[in-house]
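**Student:** So here's model-v4.txt, just compact mmCIF, C-alpha atoms:
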```
# COMPACT_ATOMS: atom_id res chain seq x y z
CA MET A 515 18.37 -60.65 -61.41
CA ILE A 516 15.18 -59.11 -62.86
CA ALA A 517 13.09 -60.98 -60.32
CA ALA A 518 15.15 -59.48 -57.47
CA LEU A 519 14.67 -55.93 -58.81
CA LEU A 520 10.90 -56.46 -59.08
CA SER A 521 10.81 -57.68 -55.48
CA LEU A 522 12.61 -54.55 -54.23
CA LEU A 523 10.21 -52.27 -56.13
CA LEU A 524 7.19 -54.05 -54.68
CA LEU A 525 8.55 -53.75 -51.13
CA SER A 526 9.37 -50.02 -51.47
CA ALA A 527 5.99 -49.09 -53.05
CA PRO A 528 3.26 -48.07 -50.55
CA ALA A 529 0.49 -50.52 -49.99
CA HIS A 530 -2.79 -49.91 -51.76
CA GLY A 531 -5.08 -47.65 -49.67
CA ALA A 532 -2.34 -46.50 -47.26
CA PRO A 533 -2.94 -42.91 -46.02
CA SER A 534 -0.64 -40.08 -47.00
CA ALA A 535 1.53 -38.34 -44.38
CA THR A 536 -0.61 -35.19 -44.49
CA SER A 537 -3.92 -36.92 -44.04
CA GLN A 538 -6.49 -34.70 -42.29
CA GLY A 539 -8.48 -37.26 -40.34
CA PRO A 540 -8.41 -40.78 -39.02
CA VAL A 541 -9.33 -43.38 -41.60
CA PRO A 542 -10.62 -46.75 -40.43
CA GLY A 543 -7.93 -49.35 -40.85
CA ALA A 544 -5.19 -46.72 -41.41
CA ARG A 545 -1.88 -47.01 -39.63
CA ALA A 546 -1.52 -43.36 -38.42
CA THR A 547 -3.18 -40.04 -39.20
CA LEU A 548 -2.65 -36.39 -38.26
CA THR A 549 -5.27 -33.64 -38.16
CA THR A 550 -4.59 -29.91 -37.82
CA ARG A 551 -6.97 -27.36 -36.36
CA LEU A 552 -6.21 -23.63 -36.19
CA ALA A 553 -8.02 -21.41 -33.65
CA GLN A 554 -7.47 -17.95 -35.07
CA PRO A 555 -9.14 -14.90 -33.46
CA PRO A 556 -10.77 -12.30 -35.73
CA ARG A 557 -7.77 -9.98 -35.43
CA LEU A 558 -4.18 -10.88 -34.62
CA THR A 559 -1.54 -8.30 -33.79
CA VAL A 560 2.18 -8.85 -33.46
CA GLY A 561 2.86 -10.79 -30.25
CA ASP A 562 -0.71 -12.08 -29.76
CA ARG A 563 -1.05 -15.77 -28.97
CA PHE A 564 -3.23 -18.19 -30.93
CA ASP A 565 -3.69 -21.97 -30.69
CA VAL A 566 -2.87 -24.74 -33.14
CA THR A 567 -4.19 -28.20 -32.22
CA LEU A 568 -2.49 -31.28 -33.72
CA THR A 569 -4.16 -34.67 -33.18
CA VAL A 570 -2.20 -37.87 -33.91
CA THR A 571 -4.22 -41.08 -34.20
CA ALA A 572 -2.10 -44.25 -34.19
CA PRO A 573 -2.48 -47.93 -33.31
CA ASN A 574 -2.25 -48.83 -29.66
CA HIS A 575 1.22 -48.90 -28.12
CA SER A 576 2.73 -46.82 -30.94
CA LEU A 577 5.70 -44.55 -30.18
CA VAL A 578 4.98 -40.96 -31.25
CA THR A 579 7.88 -38.50 -31.55
CA GLY A 580 7.21 -34.81 -32.15
CA PRO A 581 6.25 -32.23 -32.96
CA LEU A 582 9.43 -31.54 -34.92
CA THR A 583 10.12 -28.63 -37.26
CA ASP A 584 13.08 -27.38 -39.21
CA SER A 585 12.31 -23.70 -38.51
CA THR A 586 9.46 -21.75 -36.94
CA GLY A 587 10.17 -18.66 -39.03
CA VAL A 588 8.55 -15.54 -37.60
CA PHE A 589 6.67 -17.63 -35.03
CA VAL A 590 7.63 -18.95 -31.60
CA VAL A 591 6.03 -21.76 -29.62
CA ALA A 592 5.10 -20.12 -26.31
CA ARG A 593 3.50 -23.19 -24.72
CA GLU A 594 2.85 -26.85 -25.50
CA GLN A 595 0.25 -29.11 -23.87
CA ARG A 596 -0.10 -32.82 -24.54
CA ARG A 597 -2.94 -35.24 -23.76
CA THR A 598 -3.29 -38.90 -24.74
CA ALA A 599 -6.52 -40.86 -24.84
CA ILE A 600 -6.37 -44.67 -25.20
CA ARG A 601 -9.30 -46.07 -27.15
CA ALA A 602 -10.24 -49.46 -28.60
CA GLY A 603 -7.83 -50.19 -31.44
CA HIS A 604 -5.96 -46.85 -31.43
CA ASP A 605 -4.38 -44.14 -29.30
CA GLN A 606 -5.28 -40.49 -29.81
CA THR A 607 -2.66 -37.89 -28.73
CA THR A 608 -3.61 -34.22 -28.85
CA TYR A 609 -0.93 -31.52 -28.94
CA ARG A 610 -2.10 -27.99 -28.22
CA LEU A 611 0.53 -25.44 -29.27
CA SER A 612 0.31 -21.77 -28.35
CA LEU A 613 2.06 -19.72 -31.06
CA ALA A 614 2.88 -16.03 -31.43
CA GLY A 615 4.18 -14.15 -34.46
CA PHE A 616 6.51 -11.18 -34.48
CA ARG A 617 6.28 -9.71 -38.00
CA ALA A 618 3.30 -8.00 -39.56
CA GLY A 619 1.87 -9.49 -42.75
CA ARG A 620 0.54 -12.78 -44.10
CA HIS A 621 2.70 -15.73 -43.00
CA ALA A 622 2.46 -19.49 -43.40
CA LEU A 623 2.59 -21.53 -40.22
CA PRO A 624 5.58 -23.83 -39.75
CA VAL A 625 5.11 -27.47 -40.76
CA PHE A 626 5.21 -29.80 -37.76
CA VAL A 627 6.45 -33.36 -38.29
CA PHE A 628 5.60 -36.46 -36.21
CA LEU A 629 7.32 -39.85 -36.37
CA VAL A 630 5.02 -42.75 -35.46
CA GLN A 631 6.68 -46.12 -34.87
CA GLY A 632 4.54 -49.22 -34.59
CA GLY A 633 6.59 -52.39 -34.53
CA SER A 634 9.04 -52.24 -37.41
CA THR A 635 7.09 -49.58 -39.33
CA ILE A 636 7.76 -45.83 -39.04
CA ASP A 637 5.26 -43.33 -40.44
CA THR A 638 6.13 -39.67 -41.04
CA LEU A 639 3.20 -37.31 -40.55
CA LYS A 640 3.21 -33.63 -41.45
CA SER A 641 0.75 -30.92 -40.40
CA ASP A 642 -1.36 -29.06 -42.93
CA THR A 643 -0.22 -25.79 -44.40
CA ALA A 644 -2.10 -22.81 -43.01
CA SER A 645 -1.54 -19.05 -42.97
CA VAL A 646 -2.40 -16.24 -40.59
CA THR A 647 -2.37 -12.46 -40.96
CA LEU A 648 -0.57 -10.43 -38.29
CA THR A 649 -1.43 -6.75 -37.86
CA SER A 650 1.11 -4.22 -36.60
CA VAL A 651 0.50 -2.67 -33.20
CA LEU A 652 1.85 0.69 -34.42
CA PRO A 653 -0.61 3.30 -35.72
CA ALA A 654 -0.92 3.54 -39.48
CA THR A 655 -0.03 7.25 -39.46
CA MET A 656 3.31 6.72 -37.71
CA GLN A 657 6.30 7.75 -39.77
CA ASP A 658 9.77 6.33 -39.66
CA ILE A 659 12.21 7.03 -36.84
CA HIS A 660 12.75 10.75 -36.39
CA PRO A 661 16.16 12.05 -37.38
CA LEU A 662 18.71 12.71 -34.67
CA ALA A 663 18.89 16.21 -33.26
CA PRO A 664 21.98 18.23 -34.11
CA ALA A 665 24.87 18.13 -31.68
CA GLU A 666 24.84 20.70 -28.87
CA ALA A 667 27.44 23.40 -29.05
CA PHE A 668 30.00 23.44 -26.22
CA PRO A 669 29.99 25.08 -23.77
CA ASN A 670 26.24 25.01 -23.27
CA HIS A 671 25.44 27.79 -20.80
CA LEU A 672 21.94 26.41 -20.24
CA LEU A 673 23.48 23.45 -18.43
CA TRP A 674 24.95 25.90 -15.88
CA ILE A 675 21.86 28.13 -15.54
CA ILE A 676 19.58 25.29 -14.42
CA PRO A 677 21.74 24.12 -11.45
CA LEU A 678 22.36 27.74 -10.40
CA GLY A 679 18.61 28.43 -10.50
CA LEU A 680 17.90 25.37 -8.36
CA ALA A 681 20.57 26.39 -5.86
CA LEU A 682 19.09 29.91 -5.68
CA LEU A 683 15.61 28.52 -5.04
CA ALA A 684 16.97 26.27 -2.29
CA ALA A 685 18.72 29.23 -0.64
CA LEU A 686 15.56 31.36 -0.79
CA ALA A 687 13.52 28.51 0.70
CA LEU A 688 16.02 28.17 3.57
CA ILE A 689 15.98 31.91 4.28
CA GLY A 690 12.18 31.97 4.17
CA HIS A 691 11.99 29.05 6.59
CA ARG A 692 14.31 30.75 9.06
CA LEU A 693 12.34 34.00 8.85
CA TYR A 694 9.11 32.11 9.44
CA ARG A 695 10.51 30.38 12.51
CA ARG A 696 11.82 33.69 13.88
CA LEU A 697 8.43 35.34 13.33
CA ARG A 698 6.67 32.48 15.11
CA ARG A 699 9.12 32.80 18.03
CA ILE A 700 8.47 36.54 18.27
CA GLN A 701 4.73 35.97 18.22
CA SER A 702 4.95 33.30 20.90
CA LEU A 703 7.05 35.58 23.11
CA GLY A 704 4.71 38.51 22.58
CA ALA A 705 1.57 36.60 23.60
CA ALA A 706 1.46 36.34 27.40
CA PRO A 707 0.23 32.93 28.63
CA LEU A 708 -2.84 32.59 30.75
CA PRO A 709 -2.36 32.16 34.49
CA PRO A 710 -2.30 28.48 35.51
CA TRP A 711 -5.75 28.53 37.13
CA GLU A 712 -7.40 30.26 34.16
CA GLU A 713 -5.75 27.84 31.75
CA ALA A 714 -6.92 24.82 33.80
CA LEU A 715 -10.49 26.07 34.18
CA ALA A 716 -10.69 26.85 30.45
CA ALA A 717 -9.42 23.36 29.60
CA LEU A 718 -12.00 21.75 31.89
CA GLU A 719 -14.74 23.89 30.38
CA ALA A 720 -13.80 22.91 26.81
CA MET A 721 -13.47 19.20 27.60
CA PRO A 722 -16.31 17.10 26.01
CA TRP A 723 -16.43 14.81 29.05
CA ARG A 724 -20.14 14.02 28.79
CA GLU A 725 -19.71 12.63 25.26
CA TRP A 726 -16.73 10.56 26.40
CA LEU A 727 -18.62 9.01 29.30
CA ALA A 728 -21.67 8.36 27.13
CA ALA A 729 -19.44 6.56 24.62
CA GLY A 730 -17.79 4.49 27.35
CA GLN A 731 -14.39 6.22 26.95
CA VAL A 732 -13.71 6.30 30.69
CA LYS A 733 -9.96 5.82 30.34
CA ARG A 734 -9.68 8.74 27.93
CA TYR A 735 -11.76 10.89 30.30
CA TYR A 736 -9.56 10.21 33.34
CA TYR A 737 -6.36 10.65 31.29
CA ALA A 738 -7.48 14.14 30.11
CA LEU A 739 -8.37 15.15 33.68
CA SER A 740 -5.00 13.95 34.98
CA GLN A 741 -3.12 15.92 32.30
CA VAL A 742 -5.00 19.14 33.12
CA LEU A 743 -4.37 18.61 36.85
CA LYS A 744 -0.66 17.79 36.40
CA ARG A 745 -0.03 20.82 34.19
CA TYR A 746 -1.84 23.08 36.68
CA MET A 747 0.21 21.79 39.62
CA GLU A 748 3.43 22.09 37.62
CA ARG A 749 2.79 25.75 36.74
CA ARG A 750 1.14 26.67 40.03
CA PHE A 751 3.48 25.01 42.54
CA GLY A 752 6.71 24.68 40.52
CA PHE A 753 7.49 20.93 40.34
CA ASP A 754 7.57 18.59 37.31
CA ALA A 755 4.19 16.95 37.84
CA VAL A 756 3.62 16.10 34.15
CA GLU A 757 6.56 13.69 34.03
CA GLN A 758 6.06 12.20 37.52
CA THR A 759 4.24 9.10 38.71
CA THR A 760 1.51 9.19 41.31
CA THR A 761 3.95 8.39 44.13
CA GLU A 762 6.35 11.11 42.98
CA ILE A 763 3.52 13.66 42.68
CA LEU A 764 2.35 13.00 46.25
CA HIS A 765 5.93 13.28 47.52
CA SER A 766 6.37 16.61 45.66
CA MET A 767 3.07 17.89 47.10
CA ARG A 768 4.28 17.15 50.64
CA ALA A 769 7.61 18.83 49.91
CA HIS A 770 5.91 21.97 48.56
CA ARG A 771 3.26 21.92 51.30
CA THR A 772 0.49 21.73 48.69
CA PRO A 773 -3.05 21.79 50.14
CA MET A 774 -5.74 19.14 49.54
CA ARG A 775 -3.22 16.32 49.31
CA ASP A 776 -5.71 13.68 50.41
CA GLU A 777 -8.23 14.63 47.72
CA ILE A 778 -5.57 14.56 45.00
CA ALA A 779 -4.24 11.23 46.28
CA ARG A 780 -7.72 9.71 46.01
CA PHE A 781 -8.12 11.08 42.46
CA PHE A 782 -4.80 9.66 41.21
CA THR A 783 -5.49 6.33 42.93
CA ARG A 784 -8.76 6.05 41.00
CA TYR A 785 -6.98 7.08 37.79
CA ASP A 786 -4.33 4.38 38.21
CA VAL A 787 -7.01 1.71 38.74
CA VAL A 788 -8.85 2.85 35.59
CA LYS A 789 -5.61 3.05 33.59
CA TYR A 790 -3.93 -0.22 34.58
CA ALA A 791 -6.75 -2.46 35.87
CA LYS A 792 -9.28 -1.27 33.24
CA TRP A 793 -11.86 -0.71 35.97
CA GLU A 794 -14.83 1.52 35.23
CA PRO A 795 -16.21 3.48 38.17
CA PRO A 796 -19.95 4.11 38.61
CA PRO A 797 -21.34 6.99 36.51
CA ASP A 798 -21.87 9.23 39.55
CA GLU A 799 -18.30 8.79 40.72
CA ALA A 800 -16.92 9.40 37.21
CA GLU A 801 -18.91 12.63 36.84
CA ALA A 802 -17.72 13.78 40.26
CA ALA A 803 -14.05 13.49 39.19
CA ILE A 804 -14.14 16.65 37.01
CA ALA A 805 -15.84 18.56 39.81
CA GLN A 806 -13.06 17.40 42.16
CA VAL A 807 -10.35 18.72 39.81
CA ARG A 808 -12.22 22.02 39.32
CA GLU A 809 -12.61 22.43 43.09
CA PHE A 810 -8.87 21.90 43.61
CA VAL A 811 -8.03 24.57 41.02
CA VAL A 812 -10.51 27.08 42.46
CA LYS A 813 -9.41 26.57 46.07
CA THR A 814 -5.68 26.75 45.35
CA ARG A 815 -5.61 29.80 43.09
CA PRO A 816 -4.14 32.90 44.80
CA GLU A 817 -6.29 35.57 46.41
CA GLU A 818 -6.65 38.95 44.76
CA PRO A 819 -4.55 41.54 46.60
CA ALA A 820 -6.67 44.02 48.57
CA SER A 821 -5.02 47.01 46.85
CA ALA A 822 -5.78 45.57 43.41
CA ALA A 823 -9.39 44.91 44.38
CA ALA A 824 -9.76 48.45 45.72
CA GLY A 825 -8.21 49.90 42.57
CA ALA A 826 -10.56 47.86 40.42
CA ALA A 827 -13.55 49.11 42.43
CA ALA A 828 -12.35 52.73 42.19
CA GLY A 829 -11.80 52.41 38.45
CA GLY A 830 -15.39 51.28 37.90
CA GLY A 831 -14.41 47.80 36.72
CA ALA A 832 -12.72 49.15 33.57
CA SER A 833 -10.19 46.35 33.65
CA GLY A 834 -12.84 43.66 33.26
CA GLY A 835 -13.09 42.77 36.95
CA ARG A 836 -10.06 40.45 36.97
CA GLY A 837 -7.48 41.36 39.57
CA THR A 838 -4.76 38.80 38.78
CA THR A 839 -1.90 39.38 36.40
CA ARG A 840 -1.71 37.26 33.21
CA GLY A 841 1.23 34.96 33.06
CA GLY A 842 1.11 34.55 36.83
CA ASP A 843 3.37 31.62 37.48
CA ALA A 844 4.22 33.21 40.82
CA ARG A 845 3.16 31.27 43.87
CA PRO A 846 1.34 33.40 46.45
CA THR A 847 -0.14 31.82 49.55
CA PRO A 848 -3.17 29.64 48.68
CA ALA A 849 -6.57 30.77 49.84
CA THR A 850 -7.74 27.59 51.51
CA GLY A 851 -6.57 24.15 52.45
CA ALA A 852 -4.29 22.89 55.17
CA ALA A 853 -0.62 22.55 54.40
```
Take the structure in the file and write it out as structure tokens.
**Tutor:**
Amino acid sequence: MIAALLSLLLLSAPAHGAPSATSQGPVPGARATLTTRLAQPPRLTVGDRFDVTLTVTAPNHSLVTGPLTDSTGVFVVAREQRRTAIRAGHDQTTYRLSLAGFRAGRHALPVFVFLVQGGSTIDTLKSDTASVTLTSVLPATMQDIHPLAPAEAFPNHLLWIIPLGLALLAALALIGHRLYRRLRRIQSLGAAPLPPWEEALAALEAMPWREWLAAGQVKRYYYALSQVLKRYMERRFGFDAVEQTTTEILHSMRAHRTPMRDEIARFFTRYDVVKYAKWEPPPDEAEAAIAQVREFVVKTRPEEPASAAAGAAAGGGASGGRGTTRGGDARPTPATGAA
């Protein structure tokens, strides 16, 4: 009986030289070891991450289970990375844990446990005890939560004044907008438009056509000329030239017996080729296009009545020498050109 008890005690006692469970480095001939390394930045605030590296060294083909812990306390494991290196006589498994704490102060790290099974033997390894200091992210001068404000008395007239003020501002803005639009309408009605020929000649004069041709913007140049010509024909001869195609414009010119139809047909034919076929005419021909439009405007503007010219001569040119009436959308007989 005594011999049996002595045998049990000898079997349960650790072998001489066996490493403890919290050993900090691999020992030659040992069965399993665990090392702990803490990478702590100079200053940790609540929520900042820091790394804890746990390295388990065990004989080849050992089964390692972990890391296990009863409680992480004020810490959480945000990320875990594992890497195993097989070497001669032992396996080395590195666990890199990314931790974060959520309470200011000095706190001990949780103890991580590993179970290493090699054959019929199971070793229990525990990580070293270490502590970190977490600093609060709040300023040191911040006081506690401010007390609640007293309850508002009911009825609160301020709650009615604000919506009424906003409604009044909206009404004033609407009235001001309507007055502005009415004033603009009165101003536009009071200003008499230029006669069609004066408007067209002024637009041709202000057109930077030389810069456009020098920059290779031929399509833009012909488009601007066509718009000036269409608007002039629409105001001068009374048909919707701006919204019409080339075929419709030529048909309207025949119907209204507009002079210089062949010249205008050639101009719009060139414009259509430039617009749709992306053809660029020679420089001389492109420069001649604006002269062609100007010639059409000059030759189709109405003649000054003889009585108006005589009155202007008798008055000594006080009226500025212009015998036509502004706003002249009337259509007197053109000066030149066959119908």
**Student:** Of the candidates A:Asp584, A:Leu648, A:Asp642, A:Asn574, which shows the shortest atom-to-atom distance to A:Arg601, using all atoms listed in the file?
**Tutor:**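 Closest candidate: A:Asn574.
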**Student:** How many Å lie between atom CA of A:Asp754 and atom CA of A:Arg815, rounded to one decimal?
**Tutor:**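 Atom-to-atom, atom CA of A:Asp754 and atom CA of A:Arg815 are spaced 18.2 Å apart.
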**Student:** Got a sec: who's within 10 Å of stretch 737-746 of chain A, counting all atoms listed in the file, leaving out chain neighbours fewer than 2 positions off, as a ChimeraX atom specification?
**Tutor:** /A:709-718,721,723,732-735,748-758,763,778,781-782,785-786,788-789,803-804,806-808,810-811
**Student:** Hey, can you check how far atom CA of A:Thr647 sits from atom CA of A:Gly587?
**Tutor:**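 Pair atom CA of A:Thr647 / atom CA of A:Gly587 returns 14.1 Å.
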**Student:** What is the atom CA of A:Leu582-atom CA of A:Gln554 distance in Å, reported with one decimal?
**Tutor:**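 Computed distance, atom CA of A:Leu582 to atom CA of A:Gln554, equals 21.7 Å.
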